[in-house]
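Read the structure below first, then the notes.
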There are 2 protein chains.
Amino acid sequence: MQQVAHHAGVSLATASRVLHGSGSRTVGEELRRRVEAAAQELRYVSNAPAQALARATSSVVGLIVHDVADPYFGAIAAGAMRAAREQRLMVMIAATFREPGLELEYLRGLRAQRARAVILAGSGTADAAATAELAEEIAGFEADGGRVVCIGERGPDLDTVAMANRAGGGLAVRGLWELGHRRIGVVSGPSELLTVRHRLDGARRALRALGAPLPLRAVVEGDFTRAGGRAAAVRLMTEQPDLGALLVLNDVMAAGALAGLRDDLGLAVPTRVSVVGFDDVPFAADLSPALSTVRLPLEQAGEAAVGLLLEPPGDAPRRVELAAELVLRDSTAAV
Amino acid sequence: MQQVAHHAGVSLATASRVLHGSGSRTVGEELRRRVEAAAQELRYVSNAPAQALARATSSVVGLIVHDVADPYFGAIAAGAMRAAREQRLMVMIAATFREPGLELEYLRGLRAQRARAVILAGSGTADAAATAELAEEIAGFEADGGRVVCIGERGPDLDTVAMANRAGGGLAVRGLWELGHRRIGVVSGPSELLTVRHRLDGARRALRALGAPLPLRAVVEGDFTRAGGRAAAVRLMTEQPDLGALLVLNDVMAAGALAGLRDDLGLAVPTRVSVVGFDDVPFAADLSPALSTVRLPLEQAGEAAVGLLLEPPGDAPRRVELAAELVLRDSTAAV
């Protein structure tokens, strides 16, 4: 309400009189119109019960992910919850199944519940309309006094924990190159996700810099699930049998790829094909063979997101940059 | 309030007058005392803003788990969210890190937010004081019109999705027995959890019935984490080197046990030691070697819990019983 009053150039008392009908004095037509316009512009919601409850529910932090069964988000959530718990904040996790509409719905629900803050942990998408709608909802949430932090790129105006997706794609490619691999294929993820685009872009750029641009036919799209990774890897190796190494853009798909190469195609890993995953989820080291992968500090990302939302809002958006690291295990070998 | 009025033997209008000060007529001292006593007994919370918000937030279903990074809960959550989504319910997940105090805190928080229902997916504990406190909080939540469903045993008065933990323990032992194993050890979980007690009890009973009671020295306790399972399995096989098979009471610990047997002790699985896990989490089939395990229908359990809370409350508590199944893969072999 303070923001509305400021925006309309009126006193807090006048804004309150217009918006809540409080006080006994009447407000002139011109002032009323200015307050109402400011309220609309700032998306002020006159919700007296919600205001009364605000203190009671302000310990809630919403964490919006794509998929709770995906260990990538499990690790991020574990980090966020550990950090939140030290501050006696209650973390509530919601999953969108990668539907931008559901993400909006949860964000609105958390706003209605007067959540103190929201962490958007799922990747942004290339869908411009959905992105614009989300930006508006975020602005409304923040106008209500809530805080929003993103893990991964969502827009230049937001506090962000940036993951080294591009750098990681490059690390994987250069690691394979150093092992002597020249025919490298990529099992990519859902192409609308910015995370996927950045990982793929990093791999592409690195290959171009090495003088061996990635051909279109050496890339297939999976859906970030185990079964999807299996099908995509089998298809790629069937259509491009001369490939000697696969970069699979998340570990969950890489688990499926290892099973498909072994059980569907009878291709030995790593002697016939080397496989590199992405994320280093907890089970990656236990796969058969133990998965070489690009490690992102997932738990640390969750912790950093909570750290950002505990700080008071800054004049400029803040960024925490987290590095990637290539971990070579048993699924990669020299040519 | 209707329940309070009924309990106090007064009209709804009288109860409302006492509790909310509504209406213009005064209420006699005796009636007032009866209503207040009934309100206290039924844990009636006079929370006007919360009541006003009740409709707005009633699409929230809380899902309380032990650990979001544990794939056991990931699978349950995935099932619950799928079912909830069809009903346009918003699922919010909270994790307790197995602290009964945190479970209570989240339950209170969800009550304050007027959540429509809560699914308690973590195991109950053998801590009688914590269990009594939880029962009281559940009663309060239900008195407010909320629904509570448990996955696993929590008490005879609650709607429950029962997991076949005892039967599963028996299945694992009999499966190993049929492969010729007579020296079977158990890597158990946190002993305060009822889930662990039931799994262990099922294994014990089956061995007793087969004429080979489980010796105390053949059981070690792990903490349901990968690292804990690894340490426990290594300790057990070091202290009891004549064991030829291990039942590990969850798959996450079994992943650690496989790594420990191979890398720390150099014991081949399954030729030297057979290993059976419990749960059949998604990565179990991808472990090295692929893990034999007791499959519980985890996603189905999440769906069934949502199904129960969508039904109107019954006269008697409802139970959905889900069966276990032994899945033999590559981590077990005949003696």
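So you can find residues: chains in the structure tokens are A, B, ... in the order shown, residues in each start at 1, and ligands are numbered from 1 in order.
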
Exercise answer, chain B residues close to chain A, 6 Å and only C-alpha atoms, as a list in words: Pro49, Val68, Ala69, Gly74, Ala75, Ala78, Met92, Ile93, Ala94, Asp286, Leu287 and Ser288 of chain B

Excluding Gly222 in chain B and residues on its chain fewer than 4 positions from it, collect all residues at most 6 Å away from it, counting only C-alpha atoms, and give them as a PDB file with C-alpha atoms, in the first residue's frame.
```pdb
ATOM      1  CA  SER B 188      19.116 -52.585   8.695  1.00  0.00           C
ATOM      2  CA  GLY B 189      17.958 -48.970   8.824  1.00  0.00           C
ATOM      3  CA  GLY B 228      25.836 -45.325   5.693  1.00  0.00           C
ATOM      4  CA  GLY B 229      24.934 -48.462   3.739  1.00  0.00           C
ATOM      5  CA  ALA B 232      27.498 -50.878   7.486  1.00  0.00           C
TER       6      ALA B 232
END
```

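A straight line drawn from CA of His198 in chain A to CA of Glu136 in chain A is 24.4 Å long.
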
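Candidate residues A:Leu328, A:Val306, A:Val294, A:Val148 were compared for distance to Met163 in chain A, and the nearest is A:Val294, using only C-alpha atoms.
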
Who sits within 10 Å of Glu321 in chain B, only C-alpha atoms, same chain under 6 positions skipped, as a PyMOL selection string: chain B and resi 152+160-164+301+304

Next, the residues of the selection above should be written as a PDB file, in the first residue's frame with N, CA and C atoms.
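Listing of part.pdb after writing:
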```pdb
ATOM      1  N   GLY B 152       2.034 -45.997   5.061  1.00  0.00           N
ATOM      2  CA  GLY B 152       2.673 -46.791   6.112  1.00  0.00           C
ATOM      3  C   GLY B 152       1.923 -46.614   7.425  1.00  0.00           C
ATOM      4  N   THR B 160      -5.096 -45.123   5.794  1.00  0.00           N
ATOM      5  CA  THR B 160      -3.718 -45.591   5.602  1.00  0.00           C
ATOM      6  C   THR B 160      -3.534 -46.320   4.283  1.00  0.00           C
ATOM      7  N   VAL B 161      -2.448 -45.994   3.585  1.00  0.00           N
ATOM      8  CA  VAL B 161      -1.985 -46.814   2.472  1.00  0.00           C
ATOM      9  C   VAL B 161      -0.893 -47.704   3.055  1.00  0.00           C
ATOM     10  N   ALA B 162      -1.207 -48.970   3.219  1.00  0.00           N
ATOM     11  CA  ALA B 162      -0.287 -49.875   3.922  1.00  0.00           C
ATOM     12  C   ALA B 162       0.690 -50.494   2.933  1.00  0.00           C
ATOM     13  N   MET B 163       1.977 -50.407   3.262  1.00  0.00           N
ATOM     14  CA  MET B 163       3.022 -50.997   2.437  1.00  0.00           C
ATOM     15  C   MET B 163       3.367 -52.371   3.022  1.00  0.00           C
ATOM     16  N   ALA B 164       3.680 -53.315   2.144  1.00  0.00           N
ATOM     17  CA  ALA B 164       3.927 -54.691   2.587  1.00  0.00           C
ATOM     18  C   ALA B 164       5.365 -54.832   3.061  1.00  0.00           C
ATOM     19  N   ALA B 301       1.450 -45.998  -4.448  1.00  0.00           N
ATOM     20  CA  ALA B 301       1.158 -45.597  -3.067  1.00  0.00           C
ATOM     21  C   ALA B 301       0.807 -44.112  -3.009  1.00  0.00           C
ATOM     22  N   ALA B 304      -2.649 -43.716  -4.477  1.00  0.00           N
ATOM     23  CA  ALA B 304      -3.689 -44.245  -3.581  1.00  0.00           C
ATOM     24  C   ALA B 304      -3.942 -43.285  -2.422  1.00  0.00           C
TER      25      ALA B 304
END
```

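The shortest atom-to-atom distance to Val248 in chain B, with only C-alpha atoms taken into account, belongs to B:Val276 out of B:Val276, B:Leu267, B:Leu193, B:Leu291.
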
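CA of Pro100 in chain A is positioned 20.7 Å from CA of Ala305 in chain A.
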
Step one, run DSSP on the backbone; step two, keep only residues of range 240-332 of chain A assigned to helix (DSSP H, G or I); then write them as a PDB file with N, CA, C and O atoms, in the first residue's frame.
```
ATOM      1  N   ASP A 251      22.234 -36.894 -16.500  1.00  0.00           N
ATOM      2  CA  ASP A 251      22.636 -38.229 -16.034  1.00  0.00           C
ATOM      3  C   ASP A 251      21.495 -39.231 -16.075  1.00  0.00           C
ATOM      4  O   ASP A 251      21.711 -40.430 -16.265  1.00  0.00           O
ATOM      5  N   VAL A 252      20.272 -38.753 -15.865  1.00  0.00           N
ATOM      6  CA  VAL A 252      19.135 -39.674 -15.880  1.00  0.00           C
ATOM      7  C   VAL A 252      19.017 -40.305 -17.264  1.00  0.00           C
ATOM      8  O   VAL A 252      18.849 -41.529 -17.400  1.00  0.00           O
ATOM      9  N   MET A 253      19.153 -39.508 -18.322  1.00  0.00           N
ATOM     10  CA  MET A 253      19.145 -40.069 -19.683  1.00  0.00           C
ATOM     11  C   MET A 253      20.385 -40.932 -19.914  1.00  0.00           C
ATOM     12  O   MET A 253      20.322 -41.951 -20.620  1.00  0.00           O
ATOM     13  N   ALA A 254      21.523 -40.542 -19.329  1.00  0.00           N
ATOM     14  CA  ALA A 254      22.743 -41.316 -19.525  1.00  0.00           C
ATOM     15  C   ALA A 254      22.594 -42.723 -18.949  1.00  0.00           C
ATOM     16  O   ALA A 254      23.098 -43.704 -19.520  1.00  0.00           O
ATOM     17  N   ALA A 255      21.862 -42.849 -17.818  1.00  0.00           N
ATOM     18  CA  ALA A 255      21.606 -44.177 -17.247  1.00  0.00           C
ATOM     19  C   ALA A 255      20.852 -45.025 -18.271  1.00  0.00           C
ATOM     20  O   ALA A 255      21.166 -46.204 -18.481  1.00  0.00           O
ATOM     21  N   GLY A 256      19.874 -44.436 -18.926  1.00  0.00           N
ATOM     22  CA  GLY A 256      19.136 -45.157 -19.962  1.00  0.00           C
ATOM     23  C   GLY A 256      20.010 -45.467 -21.168  1.00  0.00           C
ATOM     24  O   GLY A 256      19.916 -46.548 -21.757  1.00  0.00           O
ATOM     25  N   ALA A 257      20.887 -44.517 -21.517  1.00  0.00           N
ATOM     26  CA  ALA A 257      21.780 -44.729 -22.667  1.00  0.00           C
ATOM     27  C   ALA A 257      22.709 -45.918 -22.412  1.00  0.00           C
ATOM     28  O   ALA A 257      22.902 -46.754 -23.299  1.00  0.00           O
ATOM     29  N   LEU A 258      23.264 -46.001 -21.199  1.00  0.00           N
ATOM     30  CA  LEU A 258      24.155 -47.125 -20.880  1.00  0.00           C
ATOM     31  C   LEU A 258      23.404 -48.448 -21.029  1.00  0.00           C
ATOM     32  O   LEU A 258      23.931 -49.419 -21.583  1.00  0.00           O
ATOM     33  N   ALA A 259      22.167 -48.494 -20.528  1.00  0.00           N
ATOM     34  CA  ALA A 259      21.371 -49.724 -20.632  1.00  0.00           C
ATOM     35  C   ALA A 259      21.083 -50.044 -22.093  1.00  0.00           C
ATOM     36  O   ALA A 259      21.186 -51.200 -22.528  1.00  0.00           O
ATOM     37  N   GLY A 260      20.730 -49.027 -22.894  1.00  0.00           N
ATOM     38  CA  GLY A 260      20.401 -49.255 -24.298  1.00  0.00           C
ATOM     39  C   GLY A 260      21.598 -49.717 -25.110  1.00  0.00           C
ATOM     40  O   GLY A 260      21.492 -50.632 -25.934  1.00  0.00           O
ATOM     41  N   LEU A 261      22.759 -49.082 -24.887  1.00  0.00           N
ATOM     42  CA  LEU A 261      23.956 -49.472 -25.636  1.00  0.00           C
ATOM     43  C   LEU A 261      24.307 -50.931 -25.322  1.00  0.00           C
ATOM     44  O   LEU A 261      24.628 -51.703 -26.213  1.00  0.00           O
ATOM     45  N   ARG A 262      24.191 -51.295 -24.047  1.00  0.00           N
ATOM     46  CA  ARG A 262      24.544 -52.656 -23.621  1.00  0.00           C
ATOM     47  C   ARG A 262      23.480 -53.672 -24.047  1.00  0.00           C
ATOM     48  O   ARG A 262      23.775 -54.644 -24.729  1.00  0.00           O
ATOM     49  N   ASP A 263      22.235 -53.425 -23.644  1.00  0.00           N
ATOM     50  CA  ASP A 263      21.211 -54.463 -23.792  1.00  0.00           C
ATOM     51  C   ASP A 263      20.528 -54.452 -25.151  1.00  0.00           C
ATOM     52  O   ASP A 263      20.099 -55.495 -25.637  1.00  0.00           O
ATOM     53  N   ASP A 264      20.396 -53.288 -25.779  1.00  0.00           N
ATOM     54  CA  ASP A 264      19.684 -53.233 -27.062  1.00  0.00           C
ATOM     55  C   ASP A 264      20.640 -53.397 -28.245  1.00  0.00           C
ATOM     56  O   ASP A 264      20.281 -53.977 -29.259  1.00  0.00           O
ATOM     57  N   PRO A 282      23.539 -38.170  -7.484  1.00  0.00           N
ATOM     58  CA  PRO A 282      24.164 -39.109  -6.545  1.00  0.00           C
ATOM     59  C   PRO A 282      24.388 -40.524  -7.120  1.00  0.00           C
ATOM     60  O   PRO A 282      25.373 -41.164  -6.786  1.00  0.00           O
ATOM     61  N   PHE A 283      23.492 -41.011  -7.971  1.00  0.00           N
ATOM     62  CA  PHE A 283      23.675 -42.392  -8.422  1.00  0.00           C
ATOM     63  C   PHE A 283      24.677 -42.538  -9.565  1.00  0.00           C
ATOM     64  O   PHE A 283      25.007 -43.663  -9.959  1.00  0.00           O
ATOM     65  N   ALA A 284      25.189 -41.433 -10.105  1.00  0.00           N
ATOM     66  CA  ALA A 284      26.054 -41.519 -11.296  1.00  0.00           C
ATOM     67  C   ALA A 284      27.269 -42.407 -11.048  1.00  0.00           C
ATOM     68  O   ALA A 284      27.669 -43.194 -11.915  1.00  0.00           O
ATOM     69  N   ALA A 285      27.859 -42.313  -9.859  1.00  0.00           N
ATOM     70  CA  ALA A 285      29.060 -43.097  -9.548  1.00  0.00           C
ATOM     71  C   ALA A 285      28.743 -44.578  -9.389  1.00  0.00           C
ATOM     72  O   ALA A 285      29.638 -45.413  -9.442  1.00  0.00           O
ATOM     73  N   ASP A 286      27.461 -44.921  -9.202  1.00  0.00           N
ATOM     74  CA  ASP A 286      27.079 -46.308  -8.958  1.00  0.00           C
ATOM     75  C   ASP A 286      26.568 -47.011 -10.211  1.00  0.00           C
ATOM     76  O   ASP A 286      26.185 -48.171 -10.154  1.00  0.00           O
ATOM     77  N   LEU A 298      25.026 -29.107  -7.245  1.00  0.00           N
ATOM     78  CA  LEU A 298      23.574 -28.954  -7.142  1.00  0.00           C
ATOM     79  C   LEU A 298      23.129 -28.544  -5.742  1.00  0.00           C
ATOM     80  O   LEU A 298      22.314 -27.639  -5.583  1.00  0.00           O
ATOM     81  N   GLU A 299      23.658 -29.223  -4.720  1.00  0.00           N
ATOM     82  CA  GLU A 299      23.234 -28.871  -3.357  1.00  0.00           C
ATOM     83  C   GLU A 299      23.649 -27.438  -3.036  1.00  0.00           C
ATOM     84  O   GLU A 299      22.896 -26.673  -2.423  1.00  0.00           O
ATOM     85  N   GLN A 300      24.844 -27.089  -3.505  1.00  0.00           N
ATOM     86  CA  GLN A 300      25.343 -25.735  -3.281  1.00  0.00           C
ATOM     87  C   GLN A 300      24.434 -24.707  -3.974  1.00  0.00           C
ATOM     88  O   GLN A 300      24.215 -23.613  -3.446  1.00  0.00           O
ATOM     89  N   ALA A 301      23.901 -25.062  -5.139  1.00  0.00           N
ATOM     90  CA  ALA A 301      22.992 -24.157  -5.841  1.00  0.00           C
ATOM     91  C   ALA A 301      21.745 -23.903  -4.998  1.00  0.00           C
ATOM     92  O   ALA A 301      21.272 -22.759  -4.886  1.00  0.00           O
ATOM     93  N   GLY A 302      21.209 -24.954  -4.379  1.00  0.00           N
ATOM     94  CA  GLY A 302      20.044 -24.792  -3.511  1.00  0.00           C
ATOM     95  C   GLY A 302      20.355 -23.903  -2.321  1.00  0.00           C
ATOM     96  O   GLY A 302      19.572 -23.022  -1.947  1.00  0.00           O
ATOM     97  N   GLU A 303      21.529 -24.131  -1.733  1.00  0.00           N
ATOM     98  CA  GLU A 303      21.939 -23.310  -0.581  1.00  0.00           C
ATOM     99  C   GLU A 303      22.122 -21.846  -0.989  1.00  0.00           C
ATOM    100  O   GLU A 303      21.697 -20.934  -0.279  1.00  0.00           O
ATOM    101  N   ALA A 304      22.763 -21.637  -2.144  1.00  0.00           N
ATOM    102  CA  ALA A 304      23.024 -20.267  -2.598  1.00  0.00           C
ATOM    103  C   ALA A 304      21.718 -19.528  -2.874  1.00  0.00           C
ATOM    104  O   ALA A 304      21.602 -18.326  -2.609  1.00  0.00           O
ATOM    105  N   ALA A 305      20.726 -20.239  -3.392  1.00  0.00           N
ATOM    106  CA  ALA A 305      19.433 -19.606  -3.667  1.00  0.00           C
ATOM    107  C   ALA A 305      18.795 -19.111  -2.372  1.00  0.00           C
ATOM    108  O   ALA A 305      18.274 -17.992  -2.306  1.00  0.00           O
ATOM    109  N   VAL A 306      18.850 -19.929  -1.334  1.00  0.00           N
ATOM    110  CA  VAL A 306      18.294 -19.502  -0.041  1.00  0.00           C
ATOM    111  C   VAL A 306      19.098 -18.324   0.500  1.00  0.00           C
ATOM    112  O   VAL A 306      18.540 -17.367   1.033  1.00  0.00           O
ATOM    113  N   GLY A 307      20.417 -18.383   0.315  1.00  0.00           N
ATOM    114  CA  GLY A 307      21.267 -17.278   0.756  1.00  0.00           C
ATOM    115  C   GLY A 307      20.857 -15.968   0.103  1.00  0.00           C
ATOM    116  O   GLY A 307      20.725 -14.941   0.771  1.00  0.00           O
ATOM    117  N   LEU A 308      20.594 -15.992  -1.196  1.00  0.00           N
ATOM    118  CA  LEU A 308      20.192 -14.772  -1.914  1.00  0.00           C
ATOM    119  C   LEU A 308      18.862 -14.233  -1.401  1.00  0.00           C
ATOM    120  O   LEU A 308      18.687 -13.038  -1.236  1.00  0.00           O
ATOM    121  N   LEU A 309      17.931 -15.117  -1.133  1.00  0.00           N
ATOM    122  CA  LEU A 309      16.612 -14.600  -0.747  1.00  0.00           C
ATOM    123  C   LEU A 309      16.588 -14.119   0.695  1.00  0.00           C
ATOM    124  O   LEU A 309      15.667 -13.400   1.097  1.00  0.00           O
ATOM    125  N   LEU A 310      17.600 -14.485   1.470  1.00  0.00           N
ATOM    126  CA  LEU A 310      17.657 -13.979   2.843  1.00  0.00           C
ATOM    127  C   LEU A 310      18.237 -12.573   2.904  1.00  0.00           C
ATOM    128  O   LEU A 310      17.988 -11.832   3.842  1.00  0.00           O
TER     129      LEU A 310
END
```

Shortest interatomic distance to Leu194 in chain A - which of A:Ala126, A:Ala139, A:Cys150, A:Ala167, counting only C-alpha atoms: A:Ala126

Residues within 10 Å of range 214-219 of chain B, only C-alpha atoms, excluding chain neighbours under 5 positions, as a ChimeraX atom specification: /B:183-188,200,203-208,232-233,236-237,239-240,243,246-248

Strand (DSSP E) call set, DSSP backbone run, range 114-284 of chain B, as an NGL selection string: :B and (117-120 or 147-151 or 159-163 or 184-188 or 219-221 or 245-248 or 274-279)

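Considering the residues A:Ala231, A:Ala132, A:Ala13, A:Met1 and counting only C-alpha atoms, Asp144 in chain A has its shortest atom-to-atom contact with A:Met1.
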